[in-house]
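Novice: File name target_35.txt; file contents compact mmCIF, N, CA and C atoms; full text below.
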# COMPACT_ATOMS: atom_id res chain seq x y z
N GLN A 1 13.02 2.68 -15.89
CA GLN A 1 11.56 2.81 -15.81
C GLN A 1 11.04 2.05 -14.60
N VAL A 2 10.33 2.78 -13.75
CA VAL A 2 9.81 2.17 -12.54
C VAL A 2 8.63 1.26 -12.89
N GLN A 3 8.66 0.06 -12.33
CA GLN A 3 7.54 -0.86 -12.48
C GLN A 3 7.12 -1.37 -11.11
N LEU A 4 5.82 -1.42 -10.90
CA LEU A 4 5.26 -1.92 -9.66
C LEU A 4 4.23 -2.98 -10.01
N VAL A 5 4.37 -4.15 -9.42
CA VAL A 5 3.46 -5.25 -9.73
C VAL A 5 2.86 -5.77 -8.43
N GLU A 6 1.55 -5.57 -8.28
CA GLU A 6 0.85 -6.03 -7.08
C GLU A 6 0.29 -7.44 -7.28
N SER A 7 0.14 -8.15 -6.18
CA SER A 7 -0.52 -9.45 -6.21
C SER A 7 -1.03 -9.76 -4.81
N GLY A 8 -1.83 -10.82 -4.72
CA GLY A 8 -2.29 -11.29 -3.42
C GLY A 8 -3.75 -11.03 -3.13
N GLY A 9 -4.41 -10.24 -3.94
CA GLY A 9 -5.82 -9.98 -3.70
C GLY A 9 -6.69 -11.17 -4.06
N GLU A 10 -7.74 -11.38 -3.29
CA GLU A 10 -8.68 -12.46 -3.56
C GLU A 10 -9.94 -12.27 -2.74
N LEU A 11 -10.86 -13.21 -2.85
CA LEU A 11 -12.09 -13.20 -2.06
C LEU A 11 -11.81 -13.86 -0.72
N VAL A 12 -12.22 -13.18 0.36
CA VAL A 12 -12.00 -13.70 1.71
C VAL A 12 -13.21 -13.37 2.57
N GLN A 13 -13.46 -14.19 3.58
CA GLN A 13 -14.58 -13.91 4.48
C GLN A 13 -14.20 -12.85 5.50
N ALA A 14 -15.21 -12.15 5.99
CA ALA A 14 -14.98 -11.16 7.04
C ALA A 14 -14.28 -11.82 8.23
N GLY A 15 -13.30 -11.11 8.79
CA GLY A 15 -12.51 -11.64 9.89
C GLY A 15 -11.26 -12.35 9.43
N GLY A 16 -11.14 -12.60 8.15
CA GLY A 16 -9.98 -13.29 7.61
C GLY A 16 -8.80 -12.36 7.37
N SER A 17 -7.74 -12.94 6.78
CA SER A 17 -6.51 -12.20 6.54
C SER A 17 -6.04 -12.39 5.10
N LEU A 18 -5.31 -11.39 4.61
CA LEU A 18 -4.66 -11.46 3.32
C LEU A 18 -3.34 -10.72 3.42
N ARG A 19 -2.37 -11.12 2.58
CA ARG A 19 -1.14 -10.36 2.46
C ARG A 19 -0.95 -9.97 1.00
N LEU A 20 -0.93 -8.66 0.77
CA LEU A 20 -0.68 -8.13 -0.56
C LEU A 20 0.82 -7.89 -0.74
N SER A 21 1.28 -8.11 -1.98
CA SER A 21 2.68 -7.89 -2.31
C SER A 21 2.78 -6.87 -3.43
N CYS A 22 3.86 -6.10 -3.41
CA CYS A 22 4.15 -5.15 -4.49
C CYS A 22 5.64 -5.25 -4.78
N VAL A 23 5.98 -5.82 -5.93
CA VAL A 23 7.37 -5.94 -6.34
C VAL A 23 7.75 -4.71 -7.14
N ALA A 24 8.80 -4.02 -6.68
CA ALA A 24 9.22 -2.78 -7.30
C ALA A 24 10.53 -2.96 -8.05
N SER A 25 10.66 -2.31 -9.20
CA SER A 25 11.89 -2.40 -9.99
C SER A 25 12.08 -1.12 -10.77
N GLY A 26 13.29 -0.94 -11.30
CA GLY A 26 13.54 0.17 -12.21
C GLY A 26 14.36 1.32 -11.63
N ARG A 27 14.59 1.33 -10.31
CA ARG A 27 15.41 2.38 -9.70
C ARG A 27 15.76 1.95 -8.29
N THR A 28 16.56 2.77 -7.64
CA THR A 28 16.85 2.58 -6.22
C THR A 28 15.77 3.29 -5.42
N PHE A 29 15.24 2.59 -4.42
CA PHE A 29 14.12 3.14 -3.68
C PHE A 29 14.49 3.64 -2.29
N ASN A 30 15.77 3.65 -1.96
CA ASN A 30 16.18 4.04 -0.61
C ASN A 30 15.72 5.42 -0.21
N GLY A 31 15.63 6.34 -1.15
CA GLY A 31 15.20 7.70 -0.82
C GLY A 31 13.75 7.96 -1.11
N ALA A 32 12.96 6.92 -1.19
CA ALA A 32 11.56 7.05 -1.56
C ALA A 32 10.66 6.42 -0.52
N ALA A 33 9.39 6.73 -0.63
CA ALA A 33 8.37 6.09 0.19
C ALA A 33 7.46 5.26 -0.70
N MET A 34 6.96 4.19 -0.12
CA MET A 34 6.01 3.33 -0.82
C MET A 34 4.66 3.45 -0.13
N GLY A 35 3.62 3.57 -0.91
CA GLY A 35 2.29 3.69 -0.33
C GLY A 35 1.33 2.66 -0.88
N TRP A 36 0.34 2.34 -0.07
CA TRP A 36 -0.80 1.52 -0.51
C TRP A 36 -2.04 2.41 -0.48
N PHE A 37 -2.78 2.36 -1.56
CA PHE A 37 -4.05 3.07 -1.67
C PHE A 37 -5.11 2.05 -2.06
N ARG A 38 -6.39 2.43 -1.92
CA ARG A 38 -7.46 1.55 -2.36
C ARG A 38 -8.59 2.36 -2.95
N GLN A 39 -9.34 1.71 -3.82
CA GLN A 39 -10.49 2.35 -4.44
C GLN A 39 -11.64 1.37 -4.46
N ALA A 40 -12.68 1.72 -3.69
CA ALA A 40 -13.88 0.90 -3.64
C ALA A 40 -14.81 1.28 -4.80
N PRO A 41 -15.73 0.40 -5.18
CA PRO A 41 -16.65 0.70 -6.28
C PRO A 41 -17.41 1.99 -6.05
N GLY A 42 -17.37 2.88 -7.03
CA GLY A 42 -18.11 4.13 -6.95
C GLY A 42 -17.49 5.19 -6.05
N LYS A 43 -16.28 4.93 -5.56
CA LYS A 43 -15.64 5.88 -4.66
C LYS A 43 -14.28 6.30 -5.20
N GLY A 44 -13.73 7.35 -4.62
CA GLY A 44 -12.41 7.81 -5.01
C GLY A 44 -11.32 6.97 -4.38
N ARG A 45 -10.11 7.13 -4.88
CA ARG A 45 -8.97 6.40 -4.33
C ARG A 45 -8.57 7.01 -2.99
N GLU A 46 -8.37 6.15 -1.99
CA GLU A 46 -8.02 6.66 -0.66
C GLU A 46 -6.71 6.05 -0.16
N PHE A 47 -6.03 6.82 0.66
CA PHE A 47 -4.78 6.39 1.27
C PHE A 47 -5.02 5.30 2.29
N VAL A 48 -4.13 4.30 2.32
CA VAL A 48 -4.22 3.24 3.32
C VAL A 48 -3.00 3.27 4.25
N ALA A 49 -1.80 3.22 3.68
CA ALA A 49 -0.59 3.16 4.49
C ALA A 49 0.60 3.55 3.64
N ALA A 50 1.68 3.98 4.32
CA ALA A 50 2.91 4.31 3.62
C ALA A 50 4.09 3.95 4.50
N ILE A 51 5.23 3.72 3.85
CA ILE A 51 6.46 3.38 4.56
C ILE A 51 7.64 4.03 3.86
N TYR A 52 8.57 4.58 4.64
CA TYR A 52 9.78 5.14 4.07
C TYR A 52 10.79 4.02 3.91
N TRP A 53 11.28 3.86 2.68
CA TRP A 53 12.01 2.65 2.35
C TRP A 53 13.22 2.42 3.25
N SER A 54 14.03 3.45 3.47
CA SER A 54 15.29 3.24 4.17
C SER A 54 15.15 3.15 5.69
N SER A 55 14.19 3.87 6.25
CA SER A 55 14.08 3.88 7.72
C SER A 55 13.02 2.91 8.24
N GLY A 56 12.05 2.58 7.39
CA GLY A 56 10.95 1.75 7.83
C GLY A 56 9.86 2.49 8.58
N ARG A 57 9.96 3.82 8.64
CA ARG A 57 8.93 4.61 9.31
C ARG A 57 7.61 4.44 8.56
N THR A 58 6.50 4.32 9.31
CA THR A 58 5.20 4.04 8.70
C THR A 58 4.13 5.02 9.14
N THR A 59 3.06 5.08 8.38
CA THR A 59 1.86 5.82 8.76
C THR A 59 0.66 5.10 8.16
N TYR A 60 -0.49 5.19 8.85
CA TYR A 60 -1.70 4.48 8.43
C TYR A 60 -2.92 5.39 8.52
N THR A 61 -3.89 5.12 7.70
CA THR A 61 -5.16 5.79 7.89
C THR A 61 -5.85 5.17 9.11
N ASP A 62 -6.69 5.96 9.76
CA ASP A 62 -7.25 5.52 11.05
C ASP A 62 -8.06 4.23 10.93
N SER A 63 -8.74 4.04 9.83
CA SER A 63 -9.65 2.89 9.71
C SER A 63 -8.93 1.54 9.66
N VAL A 64 -7.62 1.56 9.41
CA VAL A 64 -6.89 0.28 9.32
C VAL A 64 -5.87 0.11 10.44
N LYS A 65 -5.69 1.12 11.27
CA LYS A 65 -4.72 1.03 12.36
C LYS A 65 -5.05 -0.16 13.27
N GLY A 66 -4.02 -0.93 13.59
CA GLY A 66 -4.22 -2.10 14.43
C GLY A 66 -4.63 -3.34 13.67
N ARG A 67 -5.00 -3.19 12.40
CA ARG A 67 -5.41 -4.34 11.59
C ARG A 67 -4.45 -4.60 10.44
N PHE A 68 -3.92 -3.53 9.83
CA PHE A 68 -3.03 -3.65 8.67
C PHE A 68 -1.60 -3.30 9.08
N THR A 69 -0.64 -3.96 8.44
CA THR A 69 0.77 -3.67 8.66
C THR A 69 1.48 -3.59 7.32
N ILE A 70 2.18 -2.47 7.09
CA ILE A 70 2.98 -2.30 5.88
C ILE A 70 4.43 -2.60 6.23
N SER A 71 5.13 -3.29 5.34
CA SER A 71 6.52 -3.64 5.61
C SER A 71 7.28 -3.76 4.29
N ILE A 72 8.61 -3.77 4.40
CA ILE A 72 9.48 -3.88 3.23
C ILE A 72 10.48 -4.99 3.47
N VAL A 73 10.72 -5.79 2.44
CA VAL A 73 11.82 -6.75 2.45
C VAL A 73 12.79 -6.29 1.37
N ASN A 74 13.89 -5.68 1.80
CA ASN A 74 14.84 -5.07 0.86
C ASN A 74 15.40 -6.08 -0.13
N ALA A 75 15.73 -7.24 0.36
CA ALA A 75 16.35 -8.24 -0.50
C ALA A 75 15.44 -8.67 -1.65
N GLU A 76 14.13 -8.50 -1.43
CA GLU A 76 13.17 -8.88 -2.45
C GLU A 76 12.64 -7.68 -3.23
N ASN A 77 13.05 -6.47 -2.82
CA ASN A 77 12.51 -5.23 -3.40
C ASN A 77 10.98 -5.26 -3.39
N THR A 78 10.44 -5.72 -2.29
CA THR A 78 9.00 -5.94 -2.20
C THR A 78 8.41 -5.24 -0.98
N VAL A 79 7.26 -4.62 -1.18
CA VAL A 79 6.49 -4.01 -0.11
C VAL A 79 5.27 -4.89 0.14
N TYR A 80 5.02 -5.17 1.40
CA TYR A 80 3.88 -6.01 1.77
C TYR A 80 2.84 -5.20 2.52
N LEU A 81 1.60 -5.63 2.41
CA LEU A 81 0.51 -5.10 3.23
C LEU A 81 -0.19 -6.29 3.84
N GLN A 82 0.08 -6.54 5.11
CA GLN A 82 -0.60 -7.60 5.84
C GLN A 82 -1.92 -7.06 6.37
N MET A 83 -3.00 -7.71 5.99
CA MET A 83 -4.33 -7.23 6.36
C MET A 83 -5.03 -8.31 7.20
N ASN A 84 -5.32 -7.97 8.44
CA ASN A 84 -5.99 -8.88 9.37
C ASN A 84 -7.36 -8.33 9.74
N SER A 85 -8.19 -9.19 10.30
CA SER A 85 -9.53 -8.79 10.74
C SER A 85 -10.26 -8.01 9.65
N LEU A 86 -10.26 -8.54 8.47
CA LEU A 86 -10.84 -7.84 7.34
C LEU A 86 -12.34 -7.66 7.49
N LYS A 87 -12.82 -6.54 6.97
CA LYS A 87 -14.23 -6.18 7.03
C LYS A 87 -14.76 -5.99 5.61
N PRO A 88 -16.06 -6.13 5.43
CA PRO A 88 -16.62 -5.91 4.07
C PRO A 88 -16.26 -4.53 3.51
N GLU A 89 -16.13 -3.54 4.38
CA GLU A 89 -15.80 -2.19 3.90
C GLU A 89 -14.35 -2.07 3.44
N ASP A 90 -13.56 -3.11 3.61
CA ASP A 90 -12.20 -3.13 3.07
C ASP A 90 -12.18 -3.55 1.60
N THR A 91 -13.33 -3.97 1.09
CA THR A 91 -13.42 -4.38 -0.31
C THR A 91 -13.05 -3.23 -1.23
N ALA A 92 -12.06 -3.47 -2.10
CA ALA A 92 -11.57 -2.42 -3.00
C ALA A 92 -10.49 -3.00 -3.91
N VAL A 93 -10.12 -2.22 -4.90
CA VAL A 93 -8.88 -2.50 -5.64
C VAL A 93 -7.76 -1.79 -4.89
N TYR A 94 -6.71 -2.54 -4.58
CA TYR A 94 -5.58 -2.00 -3.83
C TYR A 94 -4.41 -1.74 -4.78
N PHE A 95 -3.84 -0.54 -4.66
CA PHE A 95 -2.73 -0.11 -5.51
C PHE A 95 -1.51 0.21 -4.65
N CYS A 96 -0.33 -0.12 -5.16
CA CYS A 96 0.88 0.39 -4.53
C CYS A 96 1.45 1.50 -5.41
N ALA A 97 2.21 2.39 -4.78
CA ALA A 97 2.72 3.56 -5.49
C ALA A 97 4.02 4.03 -4.86
N VAL A 98 4.80 4.79 -5.65
CA VAL A 98 6.09 5.31 -5.21
C VAL A 98 6.04 6.83 -5.10
N ASP A 99 6.57 7.35 -4.00
CA ASP A 99 6.69 8.79 -3.77
C ASP A 99 8.16 9.13 -3.58
N THR A 100 8.77 9.77 -4.59
CA THR A 100 10.20 10.10 -4.50
C THR A 100 10.45 11.43 -3.79
N SER A 101 9.36 12.15 -3.43
CA SER A 101 9.53 13.42 -2.72
C SER A 101 9.39 13.27 -1.21
N ALA A 102 9.17 12.06 -0.74
CA ALA A 102 9.02 11.83 0.69
C ALA A 102 10.37 11.95 1.38
N SER A 103 10.32 12.04 2.69
CA SER A 103 11.54 12.04 3.48
C SER A 103 11.32 11.20 4.72
N ALA A 104 12.36 11.05 5.49
CA ALA A 104 12.24 10.26 6.71
C ALA A 104 11.29 10.93 7.69
N PHE A 105 11.03 12.24 7.50
CA PHE A 105 10.20 12.98 8.44
C PHE A 105 8.83 13.32 7.86
N LEU A 106 8.60 13.00 6.61
CA LEU A 106 7.35 13.39 5.97
C LEU A 106 6.90 12.29 5.03
N LEU A 107 5.84 11.60 5.40
CA LEU A 107 5.21 10.60 4.55
C LEU A 107 3.89 11.17 4.05
N HIS A 108 3.75 11.26 2.75
CA HIS A 108 2.56 11.88 2.17
C HIS A 108 1.38 10.92 2.13
N ARG A 109 0.18 11.48 2.26
CA ARG A 109 -1.05 10.70 2.16
C ARG A 109 -1.84 11.08 0.92
N ASN A 110 -1.43 12.14 0.27
CA ASN A 110 -2.14 12.61 -0.91
C ASN A 110 -1.61 11.87 -2.13
N GLN A 111 -2.48 11.27 -2.91
CA GLN A 111 -2.05 10.47 -4.05
C GLN A 111 -1.32 11.30 -5.09
N ILE A 112 -1.54 12.61 -5.08
CA ILE A 112 -0.86 13.49 -6.05
C ILE A 112 0.65 13.41 -5.89
N GLN A 113 1.13 13.12 -4.69
CA GLN A 113 2.57 13.07 -4.42
C GLN A 113 3.23 11.81 -4.97
N TYR A 114 2.45 10.85 -5.37
CA TYR A 114 2.99 9.55 -5.80
C TYR A 114 3.07 9.51 -7.32
N GLU A 115 4.30 9.25 -7.83
CA GLU A 115 4.55 9.39 -9.26
C GLU A 115 4.30 8.12 -10.06
N HIS A 116 4.47 6.98 -9.44
CA HIS A 116 4.39 5.72 -10.16
C HIS A 116 3.40 4.80 -9.45
N TRP A 117 2.61 4.08 -10.25
CA TRP A 117 1.54 3.25 -9.72
C TRP A 117 1.55 1.86 -10.35
N GLY A 118 1.12 0.89 -9.57
CA GLY A 118 0.90 -0.44 -10.10
C GLY A 118 -0.49 -0.54 -10.71
N GLN A 119 -0.81 -1.73 -11.19
CA GLN A 119 -2.08 -1.93 -11.89
C GLN A 119 -3.23 -2.26 -10.94
N GLY A 120 -2.91 -2.60 -9.70
CA GLY A 120 -3.94 -2.88 -8.71
C GLY A 120 -4.25 -4.36 -8.57
N THR A 121 -4.74 -4.73 -7.39
CA THR A 121 -5.17 -6.10 -7.12
C THR A 121 -6.49 -6.05 -6.34
N GLN A 122 -7.44 -6.90 -6.74
CA GLN A 122 -8.78 -6.83 -6.17
C GLN A 122 -8.86 -7.61 -4.85
N VAL A 123 -9.36 -6.94 -3.83
CA VAL A 123 -9.65 -7.57 -2.54
C VAL A 123 -11.16 -7.50 -2.31
N THR A 124 -11.78 -8.65 -2.09
CA THR A 124 -13.20 -8.70 -1.83
C THR A 124 -13.43 -9.42 -0.51
N VAL A 125 -14.12 -8.75 0.41
CA VAL A 125 -14.40 -9.32 1.72
C VAL A 125 -15.90 -9.56 1.82
N SER A 126 -16.27 -10.81 1.99
CA SER A 126 -17.68 -11.16 2.08
C SER A 126 -18.14 -11.17 3.52
N SER A 127 -19.40 -10.81 3.73
CA SER A 127 -19.94 -10.74 5.10
C SER A 127 -20.54 -12.07 5.54
Turn the structure described in the file into structure tokens.
Specialist:
Amino acid sequence: QVQLVESGGELVQAGGSLRLSCVASGRTFNGAAMGWFRQAPGKGREFVAAIYWSSGRTTYTDSVKGRFTISIVNAENTVYLQMNSLKPEDTAVYFCAVDTSASAFLLHRNQIQYEHWGQGTQVTVSS
């Protein structure tokens, strides 16, 4: 049974940084992609970033390019989201998820492709 546990969310001032963690367990993830999504109050869940576990290939939504970095530490079975230069519009609940249909050449941005989800961690950026 796949389990994903996020942590690291907190209240931070605009311009600050946070690092979110997602510890994954329950299967081998070498043939899968890991994604970060977020959901702001009153809005739908949106794609933030994804990484293919074995190759490290990444993709980002335009609004976070140059500010956020997704990475994997295999030895820890953990996916990180380093968030710099945070803005109030980054305020949301952040979720990590697993996509077992991804490939080294195709990283999905649609949440429908992701089969397993964590419980989320709250990030609040004050102005």
Novice: Once you count only C-alpha atoms, which residues end up no further than 8 Å from (4.4, -0.8, -12.9) in the file's frame, shown as JSON, numbers by chain?
Specialist: {"A": [2, 3, 4, 5, 24, 116, 117, 118, 119]}
Novice: For atom C of Pro88 (chain A) and CA of Leu106 (chain A), quote the distance in Å rounded to one decimal.
Specialist: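 We find that atom C of Pro88 (chain A) and CA of Leu106 (chain A) lie 29.7 Å from each other.
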Novice: Env of region 70-78 of chain A: 7 Å cut, atoms = only N, CA and C atoms, seq-sep filter 6 positions within chain, self excluded. Answer as a list in words.
Specialist: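 In the requested format, the answer is Ser21, Cys22, Val23, Ala24, Ser25, Ala49, Ala50, Ile51 and Gly56 of chain A.
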Novice: Excluding Phe95 (chain A) and its own-chain neighbours fewer than 2 positions away, which residues fall within 7 Å of it when counting all atoms listed in the file? Please give them as an MDAnalysis selection string.
Specialist: chainID A and resid 35:39 93 97 117:121
Novice: Store the residues of this selection in a file with N, CA and C atoms, as an mmCIF file, keeping the file's coordinate frame.
Specialist:
data_model
loop_
_atom_site.group_PDB
_atom_site.id
_atom_site.type_symbol
_atom_site.label_atom_id
_atom_site.label_comp_id
_atom_site.auth_asym_id
_atom_site.auth_seq_id
_atom_site.Cartn_x
_atom_site.Cartn_y
_atom_site.Cartn_z
ATOM 1 N N GLY A 35 3.620 3.570 -0.910
ATOM 2 C CA GLY A 35 2.290 3.690 -0.330
ATOM 3 C C GLY A 35 1.330 2.660 -0.880
ATOM 4 N N TRP A 36 0.340 2.340 -0.070
ATOM 5 C CA TRP A 36 -0.800 1.520 -0.510
ATOM 6 C C TRP A 36 -2.040 2.410 -0.480
ATOM 7 N N PHE A 37 -2.780 2.360 -1.560
ATOM 8 C CA PHE A 37 -4.050 3.070 -1.670
ATOM 9 C C PHE A 37 -5.110 2.050 -2.060
ATOM 10 N N ARG A 38 -6.390 2.430 -1.920
ATOM 11 C CA ARG A 38 -7.460 1.550 -2.360
ATOM 12 C C ARG A 38 -8.590 2.360 -2.950
ATOM 13 N N GLN A 39 -9.340 1.710 -3.820
ATOM 14 C CA GLN A 39 -10.490 2.350 -4.440
ATOM 15 C C GLN A 39 -11.640 1.370 -4.460
ATOM 16 N N VAL A 93 -10.120 -2.220 -4.900
ATOM 17 C CA VAL A 93 -8.880 -2.500 -5.640
ATOM 18 C C VAL A 93 -7.760 -1.790 -4.890
ATOM 19 N N ALA A 97 2.210 2.390 -4.780
ATOM 20 C CA ALA A 97 2.720 3.560 -5.490
ATOM 21 C C ALA A 97 4.020 4.030 -4.860
ATOM 22 N N TRP A 117 2.610 4.080 -10.250
ATOM 23 C CA TRP A 117 1.540 3.250 -9.720
ATOM 24 C C TRP A 117 1.550 1.860 -10.350
ATOM 25 N N GLY A 118 1.120 0.890 -9.570
ATOM 26 C CA GLY A 118 0.900 -0.440 -10.100
ATOM 27 C C GLY A 118 -0.490 -0.540 -10.710
ATOM 28 N N GLN A 119 -0.810 -1.730 -11.190
ATOM 29 C CA GLN A 119 -2.080 -1.930 -11.890
ATOM 30 C C GLN A 119 -3.230 -2.260 -10.940
ATOM 31 N N GLY A 120 -2.910 -2.600 -9.700
ATOM 32 C CA GLY A 120 -3.940 -2.880 -8.710
ATOM 33 C C GLY A 120 -4.250 -4.360 -8.570
ATOM 34 N N THR A 121 -4.740 -4.730 -7.390
ATOM 35 C CA THR A 121 -5.170 -6.100 -7.120
ATOM 36 C C THR A 121 -6.490 -6.050 -6.340
#
Novice: So, with only N, CA and C atoms as the atoms that count, which of A:Cys96, A:Gln122, A:Ser55, A:Gln1 lies closest to Arg27 (chain A)?
Specialist: A:Gln1
Novice: Of the candidates A:Phe105, A:Leu81, A:Val48, A:Tyr94, which shows the shortest atom-to-atom distance to Ser63 (chain A), using all atoms listed in the file?
Specialist: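 Counting all atoms listed in the file, the residue closest to Ser63 (chain A) is A:Val48.
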Novice: For the atom pair CA of Gln113 (chain A) and CA of Gly8 (chain A), what is the interatomic distance in Å to one decimal place?
Specialist: 24.9 Å
Novice: Near Ser85 (chain A), within 8 Å and counting only C-alpha atoms, which residues show up once chain neighbours fewer than 6 positions away are dropped, as a list in words?
Specialist: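 Neighbouring residues, sequence-local ones excluded: Ala14, Gly15, Gly16, Ser17 and Arg67 of chain A.
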Novice: Any idea what's packed within 7 Å of Thr124 (chain A), counting all atoms listed in the file, ignoring anything in its chain fewer than 6 positions away? Could you give it as a list in words?
Specialist: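 My list of contacting residues is Gly9, Glu10, Leu11, Val12, Gln13, Pro88, Asp90, Thr91 and Ala92 of chain A.
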Novice: Hey, can you check how far CA of Val125 (chain A) sits from atom N of Leu18 (chain A)?
Specialist: 9.8 Å
Novice: Of the residues A:Ser127, A:Thr69, A:Gln82, A:Asn30, which is the one nearest to Ser101 (chain A), using only C-alpha atoms?
Specialist: A:Asn30
Novice: Report the residues of chain A whose backbone DSSP state falls under helix (DSSP H, G or I), written as a list in words.
Specialist: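 Here is the list: Asp62, Ser63, Val64, Asn74, Ala75, Glu76, Pro88, Glu89, Asp90, Gln111, Ile112 and Gln113 of chain A.
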Novice: Taking the chain letters and numbering used in this document, name the residues of chain A that DSSP puts in strand (DSSP E), as a ChimeraX atom specification.
Specialist: /A:3-7,11-13,18-25,33-39,45-52,58-60,68-73,78-83,92-99,116-117,121-126
Novice: Given the choices A:Trp53, A:Tyr60, A:Phe29, A:Phe68, which gets closest to Arg109 (chain A) if the distance is worked out from only C-alpha atoms?
Specialist: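 Checking each of A:Trp53, A:Tyr60, A:Phe29, A:Phe68 against Arg109 (chain A), counting only C-alpha atoms, the winner is A:Tyr60.
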Novice: Could you tell me which of A:Thr61, A:Asn84, A:Thr100, A:Ser7 comes closest to Met34 (chain A) if we count all atoms listed in the file?
Specialist: A:Thr100
Novice: Could you tell me which of A:Glu6, A:Thr59, A:Glu89, A:Thr28 comes closest to Ala40 (chain A) if we count only N, CA and C atoms?
Specialist: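 Between A:Glu6, A:Thr59, A:Glu89, A:Thr28, the residue approaching Ala40 (chain A) most closely is A:Glu89.
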